[in-house]
Every structure is written in C-alpha cells, then in structure tokens.
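Asks: Pasting a structure here, questions to come.
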Amino acid sequence: MKTWEEFDEIVKSSMTEEEYERHILISKISADLIKLRLDRNMTQKDLADKTGLKQSAVARLESEEVLPKLDTLLKLAKALDASINLNPNEEFIIKISSNNSKHNKAG
C-alpha cells in the first residue's frame, strides 16, 4: 500500500505545476466547505437553499469536480458565516470569520 506522500508524488508527477496547484486549491476548498457545513449541522440541500445554488452544485464543489468562481465562494462564505482567504499557501481557504461566532471552533 502506498503512503499519502507516495500517492501525492504520483499525482504531482502526472500534472504540470499549474495543474497541480489548481488541484491542491480545489482540494482545500472542498475540505473546508465540507468541514464548515458539517460543523453547522447542514446538509448539502440546506447550504444550497441558503446560497441559491442547486444541491448538485454543492455536491460538485465538495467532490472536487470544479473550482468555484469568486461570487460562488462569497455566497458560500456568507451562508456559512465564514470568510475567504485568497492565499492558497495558507492551511484554510474558507475559514470561520470571527471569534465571537457561535460556530467558531478554530479560534
């Protein structure tokens, strides 16, 4: 069985640097979106209803199928009471926006 690092190297070697960076960005957004949605006990349908998106669009974002447009990220952040960090080198792309939020678990 391959380690995560070995798997990552296989993925990285099969892509250009730009494709790999895009892949990592999409993965981070997807993971952040799922975590925040679940932290708020929301279903994909709940999030879709709050953003005006279709549930299938939320599912595609969470399954790393697409890189969301900025306006979509803004809708998601607002619905999740979160902020957007546009530095892809940071750990989180979508994160909790304020320390006084009742949902804030990250601090």
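Starting from 1 in every chain, residues are counted up; chains themselves are A, B, ... following the order of the structure tokens, and ligands are numbered from 1 as listed.
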Taking 3 positions as the minimum chain separation for residues in the same chain, which residues sit within 10 Å of segment 10-24 of chain A when counting only C-alpha atoms? Answer as JSON, numbers by chain.
Replies: {"A": [4, 5, 6, 7, 27, 28, 29, 30, 64, 65, 66, 67, 88, 89]}
Asks: Contacts of Gln44 of chain A at 8 Å or less, counting only C-alpha atoms, minus same-chain residues fewer than 5 places along, as a list in words?
Replies: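 Listing them by chain and then by number gives Arg37, Gln55, Val58 and Ala59 of chain A.
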Asks: Could you give me, as a list in words, the residues within 12 Å of Asp71 of chain A, counting only C-alpha atoms and dropping anything in the same chain fewer than 5 positions from it?
Replies: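 The residues satisfying every condition are Thr51, Gly52, Leu53, Leu76, Ala77, Lys78 and Ile84 of chain A.
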Asks: Just to be explicit: take each residue in the selection above, keep C-alpha atoms, and write the result as a compact mmCIF listing (two decimals), in the first residue's frame.
Replies:
# COMPACT_ATOMS: atom_id res chain seq x y z
CA THR A 51 -26.87 30.25 -1.25
CA GLY A 52 -29.33 29.96 -4.11
CA LEU A 53 -27.27 27.15 -5.61
CA LEU A 76 -20.84 30.03 0.43
CA ALA A 77 -18.83 32.05 2.93
CA LYS A 78 -21.84 34.21 3.77
CA ILE A 84 -12.42 33.66 2.38
Asks: Output as number ranges by chain all residues of chain A that backbone DSSP marks as strand (DSSP E or B).
Replies: A: 82-84, 94-96
Asks: Distance atom CA of Ile26 of chain A-atom CA of Ser83 of chain A, one decimal place?
Replies: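 According to the coordinates, atom CA of Ile26 of chain A and atom CA of Ser83 of chain A are separated by 16.6 Å.
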Asks: Any idea what the distance is between atom CA of Leu86 of chain A and atom CA of Thr3 of chain A?
Replies: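 Answer for the atom CA of Leu86 of chain A to atom CA of Thr3 of chain A separation: 29.5 Å.
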Asks: I need the residues in chain A that are helix (DSSP H, G or I) according to DSSP; give them as number ranges by chain.
Replies: A: 4-13, 17-39, 44-51, 55-62, 70-79
Asks: Rank nothing, just name the residue among A:Lys50, A:Ala82, A:Leu70, A:Leu61 nearest to Leu36 of chain A, using only C-alpha atoms.
Replies: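 Closest candidate: A:Ala82.
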Asks: Interatomic distance between atom CA of Thr43 of chain A and atom CA of Lys69 of chain A?
Replies: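 For atom CA of Thr43 of chain A relative to atom CA of Lys69 of chain A, the distance reads 21.3 Å.
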